[in-house]
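Enquirer: Contents of data09.pdb (PDB, N, CA and C atoms, pLDDT in the B column) are below:
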```pdb
ATOM      1  N   MET J 191       0.849  -1.173   0.000  1.00 61.00           N
ATOM      2  CA  MET J 191       0.000   0.000   0.000  1.00 61.00           C
ATOM      3  C   MET J 191       0.894   1.234   0.000  1.00 61.00           C
ATOM      4  N   ALA J 192       0.589   2.166  -0.857  1.00 71.00           N
ATOM      5  CA  ALA J 192       1.374   3.396  -0.940  1.00 71.00           C
ATOM      6  C   ALA J 192       1.093   4.278   0.269  1.00 71.00           C
ATOM      7  N   ASP J 193       2.093   5.090   0.636  1.00 70.00           N
ATOM      8  CA  ASP J 193       1.954   5.959   1.803  1.00 70.00           C
ATOM      9  C   ASP J 193       0.785   6.932   1.685  1.00 70.00           C
ATOM     10  N   ASN J 194       0.438   7.319   0.457  1.00 72.00           N
ATOM     11  CA  ASN J 194      -0.629   8.292   0.290  1.00 72.00           C
ATOM     12  C   ASN J 194      -2.021   7.665   0.247  1.00 72.00           C
ATOM     13  N   GLU J 195      -2.091   6.354   0.293  1.00 83.00           N
ATOM     14  CA  GLU J 195      -3.389   5.674   0.320  1.00 83.00           C
ATOM     15  C   GLU J 195      -3.874   5.557   1.754  1.00 83.00           C
ATOM     16  N   LYS J 196      -5.173   5.782   1.946  1.00 88.00           N
ATOM     17  CA  LYS J 196      -5.745   5.647   3.281  1.00 88.00           C
ATOM     18  C   LYS J 196      -6.278   4.237   3.461  1.00 88.00           C
ATOM     19  N   LEU J 197      -5.979   3.670   4.611  1.00 90.00           N
ATOM     20  CA  LEU J 197      -6.490   2.352   4.961  1.00 90.00           C
ATOM     21  C   LEU J 197      -7.881   2.541   5.547  1.00 90.00           C
ATOM     22  N   ARG J 198      -8.847   1.864   5.012  1.00 91.00           N
ATOM     23  CA  ARG J 198     -10.225   1.981   5.485  1.00 91.00           C
ATOM     24  C   ARG J 198     -10.410   1.136   6.734  1.00 91.00           C
ATOM     25  N   GLU J 199     -10.971   1.725   7.777  1.00 94.00           N
ATOM     26  CA  GLU J 199     -11.247   0.989   9.017  1.00 94.00           C
ATOM     27  C   GLU J 199     -12.743   0.730   9.138  1.00 94.00           C
ATOM     28  N   LEU J 200     -13.070  -0.481   9.537  1.00 94.00           N
ATOM     29  CA  LEU J 200     -14.449  -0.877   9.795  1.00 94.00           C
ATOM     30  C   LEU J 200     -14.511  -1.435  11.206  1.00 94.00           C
ATOM     31  N   TYR J 201     -15.570  -1.128  11.934  1.00 96.00           N
ATOM     32  CA  TYR J 201     -15.717  -1.631  13.298  1.00 96.00           C
ATOM     33  C   TYR J 201     -16.777  -2.720  13.326  1.00 96.00           C
ATOM     34  N   VAL J 202     -16.483  -3.792  14.065  1.00 97.00           N
ATOM     35  CA  VAL J 202     -17.472  -4.828  14.360  1.00 97.00           C
ATOM     36  C   VAL J 202     -17.307  -5.232  15.823  1.00 97.00           C
ATOM     37  N   ASP J 203     -18.375  -5.735  16.399  1.00 97.00           N
ATOM     38  CA  ASP J 203     -18.298  -6.255  17.761  1.00 97.00           C
ATOM     39  C   ASP J 203     -17.826  -7.695  17.788  1.00 97.00           C
ATOM     40  N   GLY J 204     -17.923  -8.383  16.663  1.00 97.00           N
ATOM     41  CA  GLY J 204     -17.464  -9.760  16.635  1.00 97.00           C
ATOM     42  C   GLY J 204     -17.865 -10.482  15.370  1.00 97.00           C
ATOM     43  N   VAL J 205     -17.602 -11.781  15.392  1.00 97.00           N
ATOM     44  CA  VAL J 205     -17.957 -12.664  14.284  1.00 97.00           C
ATOM     45  C   VAL J 205     -19.232 -13.388  14.672  1.00 97.00           C
ATOM     46  N   GLY J 206     -20.243 -13.250  13.848  1.00 97.00           N
ATOM     47  CA  GLY J 206     -21.504 -13.931  14.117  1.00 97.00           C
ATOM     48  C   GLY J 206     -21.444 -15.391  13.727  1.00 97.00           C
ATOM     49  N   GLN J 207     -20.792 -15.658  12.592  1.00 97.00           N
ATOM     50  CA  GLN J 207     -20.710 -17.031  12.097  1.00 97.00           C
ATOM     51  C   GLN J 207     -19.537 -17.138  11.130  1.00 97.00           C
ATOM     52  N   ILE J 208     -18.911 -18.293  11.106  1.00 97.00           N
ATOM     53  CA  ILE J 208     -17.892 -18.610  10.113  1.00 97.00           C
ATOM     54  C   ILE J 208     -18.356 -19.875   9.403  1.00 97.00           C
ATOM     55  N   HIS J 209     -18.345 -19.845   8.083  1.00 97.00           N
ATOM     56  CA  HIS J 209     -18.742 -21.037   7.350  1.00 97.00           C
ATOM     57  C   HIS J 209     -17.928 -21.178   6.068  1.00 97.00           C
ATOM     58  N   PHE J 210     -17.958 -22.360   5.512  1.00 98.00           N
ATOM     59  CA  PHE J 210     -17.230 -22.689   4.298  1.00 98.00           C
ATOM     60  C   PHE J 210     -18.243 -23.016   3.222  1.00 98.00           C
ATOM     61  N   ALA J 211     -18.248 -22.221   2.155  1.00 97.00           N
ATOM     62  CA  ALA J 211     -19.187 -22.445   1.052  1.00 97.00           C
ATOM     63  C   ALA J 211     -18.542 -21.955  -0.238  1.00 97.00           C
ATOM     64  N   GLY J 212     -18.779 -22.662  -1.324  1.00 96.00           N
ATOM     65  CA  GLY J 212     -18.224 -22.264  -2.606  1.00 96.00           C
ATOM     66  C   GLY J 212     -16.710 -22.205  -2.602  1.00 96.00           C
ATOM     67  N   ASN J 213     -16.094 -23.111  -1.854  1.00 97.00           N
ATOM     68  CA  ASN J 213     -14.639 -23.183  -1.723  1.00 97.00           C
ATOM     69  C   ASN J 213     -14.021 -21.933  -1.109  1.00 97.00           C
ATOM     70  N   MET J 214     -14.795 -21.186  -0.348  1.00 98.00           N
ATOM     71  CA  MET J 214     -14.310 -19.988   0.324  1.00 98.00           C
ATOM     72  C   MET J 214     -14.742 -20.007   1.785  1.00 98.00           C
ATOM     73  N   VAL J 215     -13.904 -19.422   2.646  1.00 98.00           N
ATOM     74  CA  VAL J 215     -14.239 -19.252   4.053  1.00 98.00           C
ATOM     75  C   VAL J 215     -14.949 -17.903   4.185  1.00 98.00           C
ATOM     76  N   ARG J 216     -16.072 -17.889   4.870  1.00 98.00           N
ATOM     77  CA  ARG J 216     -16.893 -16.682   4.981  1.00 98.00           C
ATOM     78  C   ARG J 216     -17.114 -16.334   6.455  1.00 98.00           C
ATOM     79  N   PHE J 217     -16.742 -15.116   6.808  1.00 97.00           N
ATOM     80  CA  PHE J 217     -16.937 -14.588   8.161  1.00 97.00           C
ATOM     81  C   PHE J 217     -18.094 -13.601   8.109  1.00 97.00           C
ATOM     82  N   ASP J 218     -19.156 -13.862   8.828  1.00 98.00           N
ATOM     83  CA  ASP J 218     -20.255 -12.908   8.933  1.00 98.00           C
ATOM     84  C   ASP J 218     -20.004 -12.055  10.172  1.00 98.00           C
ATOM     85  N   MET J 219     -19.661 -10.791   9.951  1.00 98.00           N
ATOM     86  CA  MET J 219     -19.342  -9.878  11.036  1.00 98.00           C
ATOM     87  C   MET J 219     -20.626  -9.234  11.562  1.00 98.00           C
ATOM     88  N   VAL J 220     -20.665  -8.965  12.872  1.00 98.00           N
ATOM     89  CA  VAL J 220     -21.866  -8.397  13.490  1.00 98.00           C
ATOM     90  C   VAL J 220     -21.515  -7.183  14.350  1.00 98.00           C
ATOM     91  N   THR J 221     -22.508  -6.324  14.527  1.00 97.00           N
ATOM     92  CA  THR J 221     -22.436  -5.237  15.497  1.00 97.00           C
ATOM     93  C   THR J 221     -23.572  -5.444  16.489  1.00 97.00           C
ATOM     94  N   LEU J 222     -23.372  -4.985  17.703  1.00 96.00           N
ATOM     95  CA  LEU J 222     -24.416  -5.113  18.722  1.00 96.00           C
ATOM     96  C   LEU J 222     -25.341  -3.909  18.660  1.00 96.00           C
ATOM     97  N   GLN J 223     -26.626  -4.198  18.564  1.00 94.00           N
ATOM     98  CA  GLN J 223     -27.639  -3.152  18.508  1.00 94.00           C
ATOM     99  C   GLN J 223     -28.376  -3.105  19.839  1.00 94.00           C
ATOM    100  N   PRO J 224     -28.638  -1.898  20.352  1.00 92.00           N
ATOM    101  CA  PRO J 224     -29.278  -1.788  21.661  1.00 92.00           C
ATOM    102  C   PRO J 224     -30.647  -2.463  21.682  1.00 92.00           C
ATOM    103  N   GLY J 225     -30.932  -3.112  22.803  1.00 88.00           N
ATOM    104  CA  GLY J 225     -32.228  -3.743  22.986  1.00 88.00           C
ATOM    105  C   GLY J 225     -33.260  -2.718  23.451  1.00 88.00           C
ATOM    106  N   ALA J 226     -34.494  -3.047  23.259  1.00 86.00           N
ATOM    107  CA  ALA J 226     -35.579  -2.154  23.680  1.00 86.00           C
ATOM    108  C   ALA J 226     -35.732  -2.195  25.195  1.00 86.00           C
ATOM    109  N   ASP J 227     -36.025  -1.057  25.777  1.00 87.00           N
ATOM    110  CA  ASP J 227     -36.334  -0.943  27.210  1.00 87.00           C
ATOM    111  C   ASP J 227     -35.292  -1.611  28.104  1.00 87.00           C
ATOM    112  N   GLY J 228     -34.020  -1.369  27.833  1.00 84.00           N
ATOM    113  CA  GLY J 228     -32.958  -1.858  28.697  1.00 84.00           C
ATOM    114  C   GLY J 228     -32.599  -3.319  28.536  1.00 84.00           C
ATOM    115  N   GLN J 229     -33.156  -3.979  27.545  1.00 91.00           N
ATOM    116  CA  GLN J 229     -32.800  -5.382  27.325  1.00 91.00           C
ATOM    117  C   GLN J 229     -31.402  -5.479  26.724  1.00 91.00           C
ATOM    118  N   ALA J 230     -30.832  -6.650  26.780  1.00 93.00           N
ATOM    119  CA  ALA J 230     -29.474  -6.883  26.284  1.00 93.00           C
ATOM    120  C   ALA J 230     -29.392  -6.580  24.788  1.00 93.00           C
ATOM    121  N   PRO J 231     -28.241  -6.067  24.339  1.00 94.00           N
ATOM    122  CA  PRO J 231     -28.061  -5.816  22.909  1.00 94.00           C
ATOM    123  C   PRO J 231     -28.131  -7.117  22.113  1.00 94.00           C
ATOM    124  N   THR J 232     -28.518  -6.997  20.861  1.00 94.00           N
ATOM    125  CA  THR J 232     -28.600  -8.159  19.988  1.00 94.00           C
ATOM    126  C   THR J 232     -27.659  -7.973  18.798  1.00 94.00           C
ATOM    127  N   PRO J 233     -27.010  -9.063  18.344  1.00 95.00           N
ATOM    128  CA  PRO J 233     -26.116  -8.944  17.194  1.00 95.00           C
ATOM    129  C   PRO J 233     -26.907  -8.733  15.902  1.00 95.00           C
ATOM    130  N   ALA J 234     -26.404  -7.829  15.069  1.00 96.00           N
ATOM    131  CA  ALA J 234     -27.009  -7.568  13.761  1.00 96.00           C
ATOM    132  C   ALA J 234     -25.918  -7.692  12.697  1.00 96.00           C
ATOM    133  N   PRO J 235     -26.245  -8.282  11.544  1.00 97.00           N
ATOM    134  CA  PRO J 235     -25.247  -8.422  10.488  1.00 97.00           C
ATOM    135  C   PRO J 235     -24.684  -7.060  10.076  1.00 97.00           C
ATOM    136  N   ALA J 236     -23.363  -7.007   9.854  1.00 97.00           N
ATOM    137  CA  ALA J 236     -22.720  -5.776   9.417  1.00 97.00           C
ATOM    138  C   ALA J 236     -22.166  -5.944   8.000  1.00 97.00           C
ATOM    139  N   PHE J 237     -21.346  -6.962   7.795  1.00 97.00           N
ATOM    140  CA  PHE J 237     -20.802  -7.267   6.477  1.00 97.00           C
ATOM    141  C   PHE J 237     -20.172  -8.648   6.525  1.00 97.00           C
ATOM    142  N   ARG J 238     -19.735  -9.134   5.367  1.00 98.00           N
ATOM    143  CA  ARG J 238     -19.123 -10.456   5.264  1.00 98.00           C
ATOM    144  C   ARG J 238     -17.722 -10.317   4.687  1.00 98.00           C
ATOM    145  N   VAL J 239     -16.786 -11.068   5.263  1.00 97.00           N
ATOM    146  CA  VAL J 239     -15.419 -11.170   4.737  1.00 97.00           C
ATOM    147  C   VAL J 239     -15.297 -12.554   4.117  1.00 97.00           C
ATOM    148  N   VAL J 240     -14.845 -12.607   2.866  1.00 98.00           N
ATOM    149  CA  VAL J 240     -14.711 -13.875   2.148  1.00 98.00           C
ATOM    150  C   VAL J 240     -13.253 -14.030   1.733  1.00 98.00           C
ATOM    151  N   MET J 241     -12.672 -15.201   2.021  1.00 98.00           N
ATOM    152  CA  MET J 241     -11.283 -15.436   1.637  1.00 98.00           C
ATOM    153  C   MET J 241     -11.068 -16.908   1.297  1.00 98.00           C
ATOM    154  N   PRO J 242     -10.034 -17.178   0.488  1.00 98.00           N
ATOM    155  CA  PRO J 242      -9.724 -18.575   0.176  1.00 98.00           C
ATOM    156  C   PRO J 242      -9.151 -19.273   1.407  1.00 98.00           C
ATOM    157  N   PRO J 243      -9.180 -20.608   1.414  1.00 98.00           N
ATOM    158  CA  PRO J 243      -8.666 -21.344   2.575  1.00 98.00           C
ATOM    159  C   PRO J 243      -7.237 -20.959   2.962  1.00 98.00           C
ATOM    160  N   GLN J 244      -6.349 -20.733   1.992  1.00 98.00           N
ATOM    161  CA  GLN J 244      -4.978 -20.345   2.320  1.00 98.00           C
ATOM    162  C   GLN J 244      -4.941 -19.000   3.036  1.00 98.00           C
ATOM    163  N   GLY J 245      -5.775 -18.064   2.614  1.00 98.00           N
ATOM    164  CA  GLY J 245      -5.864 -16.775   3.287  1.00 98.00           C
ATOM    165  C   GLY J 245      -6.381 -16.940   4.706  1.00 98.00           C
ATOM    166  N   PHE J 246      -7.350 -17.839   4.893  1.00 97.00           N
ATOM    167  CA  PHE J 246      -7.891 -18.116   6.215  1.00 97.00           C
ATOM    168  C   PHE J 246      -6.802 -18.674   7.129  1.00 97.00           C
ATOM    169  N   LEU J 247      -5.999 -19.620   6.610  1.00 98.00           N
ATOM    170  CA  LEU J 247      -4.923 -20.188   7.421  1.00 98.00           C
ATOM    171  C   LEU J 247      -3.895 -19.130   7.803  1.00 98.00           C
ATOM    172  N   GLY J 248      -3.556 -18.255   6.861  1.00 98.00           N
ATOM    173  CA  GLY J 248      -2.626 -17.170   7.163  1.00 98.00           C
ATOM    174  C   GLY J 248      -3.184 -16.232   8.224  1.00 98.00           C
ATOM    175  N   ALA J 249      -4.475 -15.898   8.112  1.00 97.00           N
ATOM    176  CA  ALA J 249      -5.119 -15.031   9.101  1.00 97.00           C
ATOM    177  C   ALA J 249      -5.151 -15.709  10.467  1.00 97.00           C
ATOM    178  N   PHE J 250      -5.464 -16.999  10.493  1.00 96.00           N
ATOM    179  CA  PHE J 250      -5.504 -17.746  11.748  1.00 96.00           C
ATOM    180  C   PHE J 250      -4.137 -17.733  12.421  1.00 96.00           C
ATOM    181  N   ASN J 251      -3.084 -17.985  11.642  1.00 98.00           N
ATOM    182  CA  ASN J 251      -1.734 -17.983  12.206  1.00 98.00           C
ATOM    183  C   ASN J 251      -1.369 -16.607  12.756  1.00 98.00           C
ATOM    184  N   SER J 252      -1.728 -15.547  12.038  1.00 97.00           N
ATOM    185  CA  SER J 252      -1.457 -14.186  12.512  1.00 97.00           C
ATOM    186  C   SER J 252      -2.203 -13.901  13.816  1.00 97.00           C
ATOM    187  N   MET J 253      -3.458 -14.338  13.889  1.00 96.00           N
ATOM    188  CA  MET J 253      -4.250 -14.128  15.107  1.00 96.00           C
ATOM    189  C   MET J 253      -3.663 -14.910  16.280  1.00 96.00           C
ATOM    190  N   GLN J 254      -3.201 -16.142  16.024  1.00 96.00           N
ATOM    191  CA  GLN J 254      -2.606 -16.944  17.092  1.00 96.00           C
ATOM    192  C   GLN J 254      -1.338 -16.287  17.610  1.00 96.00           C
ATOM    193  N   GLN J 255      -0.530 -15.725  16.720  1.00 97.00           N
ATOM    194  CA  GLN J 255       0.686 -15.029  17.146  1.00 97.00           C
ATOM    195  C   GLN J 255       0.344 -13.806  17.994  1.00 97.00           C
ATOM    196  N   LEU J 256      -0.710 -13.081  17.611  1.00 97.00           N
ATOM    197  CA  LEU J 256      -1.124 -11.916  18.394  1.00 97.00           C
ATOM    198  C   LEU J 256      -1.661 -12.342  19.758  1.00 97.00           C
ATOM    199  N   ILE J 257      -2.431 -13.423  19.805  1.00 95.00           N
ATOM    200  CA  ILE J 257      -2.929 -13.938  21.083  1.00 95.00           C
ATOM    201  C   ILE J 257      -1.758 -14.278  21.993  1.00 95.00           C
ATOM    202  N   ASP J 258      -0.751 -14.958  21.458  1.00 95.00           N
ATOM    203  CA  ASP J 258       0.425 -15.316  22.258  1.00 95.00           C
ATOM    204  C   ASP J 258       1.104 -14.069  22.819  1.00 95.00           C
ATOM    205  N   LYS J 259       1.223 -13.010  22.012  1.00 97.00           N
ATOM    206  CA  LYS J 259       1.837 -11.762  22.476  1.00 97.00           C
ATOM    207  C   LYS J 259       0.986 -11.093  23.550  1.00 97.00           C
ATOM    208  N   LEU J 260      -0.342 -11.120  23.399  1.00 96.00           N
ATOM    209  CA  LEU J 260      -1.233 -10.522  24.397  1.00 96.00           C
ATOM    210  C   LEU J 260      -1.173 -11.285  25.719  1.00 96.00           C
ATOM    211  N   VAL J 261      -1.047 -12.605  25.653  1.00 95.00           N
ATOM    212  CA  VAL J 261      -0.884 -13.413  26.868  1.00 95.00           C
ATOM    213  C   VAL J 261       0.440 -13.068  27.531  1.00 95.00           C
ATOM    214  N   GLU J 262       1.500 -12.989  26.730  1.00 95.00           N
ATOM    215  CA  GLU J 262       2.820 -12.661  27.260  1.00 95.00           C
ATOM    216  C   GLU J 262       2.843 -11.276  27.911  1.00 95.00           C
ATOM    217  N   ALA J 263       2.083 -10.335  27.343  1.00 96.00           N
ATOM    218  CA  ALA J 263       2.034  -8.973  27.879  1.00 96.00           C
ATOM    219  C   ALA J 263       1.081  -8.841  29.067  1.00 96.00           C
ATOM    220  N   GLY J 264       0.321  -9.908  29.366  1.00 94.00           N
ATOM    221  CA  GLY J 264      -0.603  -9.873  30.490  1.00 94.00           C
ATOM    222  C   GLY J 264      -1.956  -9.263  30.167  1.00 94.00           C
ATOM    223  N   VAL J 265      -2.202  -8.960  28.892  1.00 96.00           N
ATOM    224  CA  VAL J 265      -3.492  -8.400  28.481  1.00 96.00           C
ATOM    225  C   VAL J 265      -4.564  -9.483  28.526  1.00 96.00           C
ATOM    226  N   LEU J 266      -4.196 -10.698  28.150  1.00 93.00           N
ATOM    227  CA  LEU J 266      -5.088 -11.858  28.210  1.00 93.00           C
ATOM    228  C   LEU J 266      -4.473 -12.908  29.120  1.00 93.00           C
ATOM    229  N   ARG J 267      -5.331 -13.768  29.657  1.00 92.00           N
ATOM    230  CA  ARG J 267      -4.849 -14.900  30.458  1.00 92.00           C
ATOM    231  C   ARG J 267      -5.339 -16.182  29.819  1.00 92.00           C
ATOM    232  N   LYS J 268      -4.498 -17.204  29.866  1.00 87.00           N
ATOM    233  CA  LYS J 268      -4.915 -18.514  29.376  1.00 87.00           C
ATOM    234  C   LYS J 268      -5.935 -19.096  30.332  1.00 87.00           C
ATOM    235  N   ASN J 269      -6.943 -19.734  29.793  1.00 84.00           N
ATOM    236  CA  ASN J 269      -7.944 -20.411  30.594  1.00 84.00           C
ATOM    237  C   ASN J 269      -7.516 -21.868  30.718  1.00 84.00           C
ATOM    238  N   GLU J 270      -6.906 -22.199  31.845  1.00 80.00           N
ATOM    239  CA  GLU J 270      -6.390 -23.557  32.044  1.00 80.00           C
ATOM    240  C   GLU J 270      -7.519 -24.582  32.140  1.00 80.00           C
ATOM    241  N   ASN J 271      -8.755 -24.133  32.410  1.00 79.00           N
ATOM    242  CA  ASN J 271      -9.891 -25.047  32.541  1.00 79.00           C
ATOM    243  C   ASN J 271     -10.606 -25.271  31.212  1.00 79.00           C
ATOM    244  N   ALA J 272     -10.169 -24.587  30.145  1.00 72.00           N
ATOM    245  CA  ALA J 272     -10.813 -24.735  28.844  1.00 72.00           C
ATOM    246  C   ALA J 272     -10.620 -26.156  28.326  1.00 72.00           C
ATOM    247  N   GLN J 273     -11.654 -26.657  27.653  1.00 63.00           N
ATOM    248  CA  GLN J 273     -11.567 -28.008  27.081  1.00 63.00           C
ATOM    249  C   GLN J 273     -10.606 -27.981  25.910  1.00 63.00           C
ATOM    250  N   GLN J 274      -9.793 -28.987  25.793  1.00 58.00           N
ATOM    251  CA  GLN J 274      -8.843 -29.103  24.699  1.00 58.00           C
ATOM    252  C   GLN J 274      -9.488 -29.734  23.501  1.00 58.00           C
TER     253      GLN J 274
END
```
Just dump the structure as structure tokens.

Expert:
Amino acid sequence: MADNEKLRELYVDGVGQIHFAGNMVRFDMVTLQPGADGQAPTPAPAFRVVMPPQGFLGAFNSMQQLIDKLVEAGVLRKNENAQQ
């Protein structure tokens, strides 16, 4: 990316669903919408990210490396009781 190009930022609260269809991995991203009369927020579709399996594996590896760094920095803690 050239220095004069702006990187577009999009915000999501999380991934609603991940599925594999048409030989592509699809992430359905969601945002939380306020509930009526003080009820809990509900997830609403925001957009979809579609990538080939190799791109998904690369993204997964990058996320795992970031998780390891966040654990090392004390931002996250490993859940020793989590099922393997």

Enquirer: One decimal, Å: what's the distance from atom CA of J:Tyr201 over to atom CA of J:Ala236, could you say?

Expert: 9.0 Å

Enquirer: Suppose a student applies the PyMOL selection byres (((chain J and resi 240 and name CA) around 8) and name CA) to this structure; what residues should they get, written as a PyMOL selection string?

Expert: chain J and resi 214-217+238-239+241-242

Enquirer: Could you work out how far atom CA of J:Phe246 lies from atom CA of J:Ala234, giving the answer in Å with one decimal?

Expert: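 Between atom CA of J:Ala234 and atom CA of J:Phe246 the gap is 23.1 Å.
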
Enquirer: What does the distance between atom CA of J:Gly204 and atom CA of J:Ala263 come to in Å, to one decimal place?

Expert: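 These two atoms are separated by 22.5 Å.
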
Enquirer: Can you pull out every residue from chain J that DSSP, working from the backbone, puts in alpha helix (DSSP H), and format the result as number ranges by chain?

Expert: J: 243-262

Enquirer: Selection from above, N, CA and C atoms, as a PDB file, in the coordinates of the input, can you write it?

Expert:
```pdb
ATOM      1  N   PRO J 243      -9.180 -20.608   1.414  1.00 98.00           N
ATOM      2  CA  PRO J 243      -8.666 -21.344   2.575  1.00 98.00           C
ATOM      3  C   PRO J 243      -7.237 -20.959   2.962  1.00 98.00           C
ATOM      4  N   GLN J 244      -6.349 -20.733   1.992  1.00 98.00           N
ATOM      5  CA  GLN J 244      -4.978 -20.345   2.320  1.00 98.00           C
ATOM      6  C   GLN J 244      -4.941 -19.000   3.036  1.00 98.00           C
ATOM      7  N   GLY J 245      -5.775 -18.064   2.614  1.00 98.00           N
ATOM      8  CA  GLY J 245      -5.864 -16.775   3.287  1.00 98.00           C
ATOM      9  C   GLY J 245      -6.381 -16.940   4.706  1.00 98.00           C
ATOM     10  N   PHE J 246      -7.350 -17.839   4.893  1.00 97.00           N
ATOM     11  CA  PHE J 246      -7.891 -18.116   6.215  1.00 97.00           C
ATOM     12  C   PHE J 246      -6.802 -18.674   7.129  1.00 97.00           C
ATOM     13  N   LEU J 247      -5.999 -19.620   6.610  1.00 98.00           N
ATOM     14  CA  LEU J 247      -4.923 -20.188   7.421  1.00 98.00           C
ATOM     15  C   LEU J 247      -3.895 -19.130   7.803  1.00 98.00           C
ATOM     16  N   GLY J 248      -3.556 -18.255   6.861  1.00 98.00           N
ATOM     17  CA  GLY J 248      -2.626 -17.170   7.163  1.00 98.00           C
ATOM     18  C   GLY J 248      -3.184 -16.232   8.224  1.00 98.00           C
ATOM     19  N   ALA J 249      -4.475 -15.898   8.112  1.00 97.00           N
ATOM     20  CA  ALA J 249      -5.119 -15.031   9.101  1.00 97.00           C
ATOM     21  C   ALA J 249      -5.151 -15.709  10.467  1.00 97.00           C
ATOM     22  N   PHE J 250      -5.464 -16.999  10.493  1.00 96.00           N
ATOM     23  CA  PHE J 250      -5.504 -17.746  11.748  1.00 96.00           C
ATOM     24  C   PHE J 250      -4.137 -17.733  12.421  1.00 96.00           C
ATOM     25  N   ASN J 251      -3.084 -17.985  11.642  1.00 98.00           N
ATOM     26  CA  ASN J 251      -1.734 -17.983  12.206  1.00 98.00           C
ATOM     27  C   ASN J 251      -1.369 -16.607  12.756  1.00 98.00           C
ATOM     28  N   SER J 252      -1.728 -15.547  12.038  1.00 97.00           N
ATOM     29  CA  SER J 252      -1.457 -14.186  12.512  1.00 97.00           C
ATOM     30  C   SER J 252      -2.203 -13.901  13.816  1.00 97.00           C
ATOM     31  N   MET J 253      -3.458 -14.338  13.889  1.00 96.00           N
ATOM     32  CA  MET J 253      -4.250 -14.128  15.107  1.00 96.00           C
ATOM     33  C   MET J 253      -3.663 -14.910  16.280  1.00 96.00           C
ATOM     34  N   GLN J 254      -3.201 -16.142  16.024  1.00 96.00           N
ATOM     35  CA  GLN J 254      -2.606 -16.944  17.092  1.00 96.00           C
ATOM     36  C   GLN J 254      -1.338 -16.287  17.610  1.00 96.00           C
ATOM     37  N   GLN J 255      -0.530 -15.725  16.720  1.00 97.00           N
ATOM     38  CA  GLN J 255       0.686 -15.029  17.146  1.00 97.00           C
ATOM     39  C   GLN J 255       0.344 -13.806  17.994  1.00 97.00           C
ATOM     40  N   LEU J 256      -0.710 -13.081  17.611  1.00 97.00           N
ATOM     41  CA  LEU J 256      -1.124 -11.916  18.394  1.00 97.00           C
ATOM     42  C   LEU J 256      -1.661 -12.342  19.758  1.00 97.00           C
ATOM     43  N   ILE J 257      -2.431 -13.423  19.805  1.00 95.00           N
ATOM     44  CA  ILE J 257      -2.929 -13.938  21.083  1.00 95.00           C
ATOM     45  C   ILE J 257      -1.758 -14.278  21.993  1.00 95.00           C
ATOM     46  N   ASP J 258      -0.751 -14.958  21.458  1.00 95.00           N
ATOM     47  CA  ASP J 258       0.425 -15.316  22.258  1.00 95.00           C
ATOM     48  C   ASP J 258       1.104 -14.069  22.819  1.00 95.00           C
ATOM     49  N   LYS J 259       1.223 -13.010  22.012  1.00 97.00           N
ATOM     50  CA  LYS J 259       1.837 -11.762  22.476  1.00 97.00           C
ATOM     51  C   LYS J 259       0.986 -11.093  23.550  1.00 97.00           C
ATOM     52  N   LEU J 260      -0.342 -11.120  23.399  1.00 96.00           N
ATOM     53  CA  LEU J 260      -1.233 -10.522  24.397  1.00 96.00           C
ATOM     54  C   LEU J 260      -1.173 -11.285  25.719  1.00 96.00           C
ATOM     55  N   VAL J 261      -1.047 -12.605  25.653  1.00 95.00           N
ATOM     56  CA  VAL J 261      -0.884 -13.413  26.868  1.00 95.00           C
ATOM     57  C   VAL J 261       0.440 -13.068  27.531  1.00 95.00           C
ATOM     58  N   GLU J 262       1.500 -12.989  26.730  1.00 95.00           N
ATOM     59  CA  GLU J 262       2.820 -12.661  27.260  1.00 95.00           C
ATOM     60  C   GLU J 262       2.843 -11.276  27.911  1.00 95.00           C
TER      61      GLU J 262
END
```

Enquirer: Suppose a student applies the PyMOL selection byres ((chain J and resi 235) around 6.5) to this structure; what residues should they get, written as a PyMOL selection string?

Expert: chain J and resi 218-221+233-234+236-237

Enquirer: Per DSSP on the backbone, what are the strand (DSSP E or B) residues of stretch 207-259 of chain J, as a PyMOL selection string?

Expert: chain J and resi 207-211+214-223+232-241

Enquirer: Using only C-alpha atoms, which residue out of J:Lys268, J:Leu197, J:Gly206, J:Asp258 lies closest to J:Thr232?

Expert: J:Gly206

Enquirer: Output, as AutoDock Vina command-line options, the centre and edge lengths in Å (one decimal) of the axis-aligned box that contains all listed atoms of stretch 214-220 of chain J with 6 Å of margin on each side.

Expert:
```
--center_x -17.9 --center_y -14.2 --center_z 7.0 --size_x 20.0 --size_y 26.0 --size_z 26.7
```

Enquirer: Calculated over only C-alpha atoms, which of the candidates J:Arg267, J:Gln255, J:Leu222, J:Asp227 has the smallest distance to J:Asp203?

Expert: J:Leu222
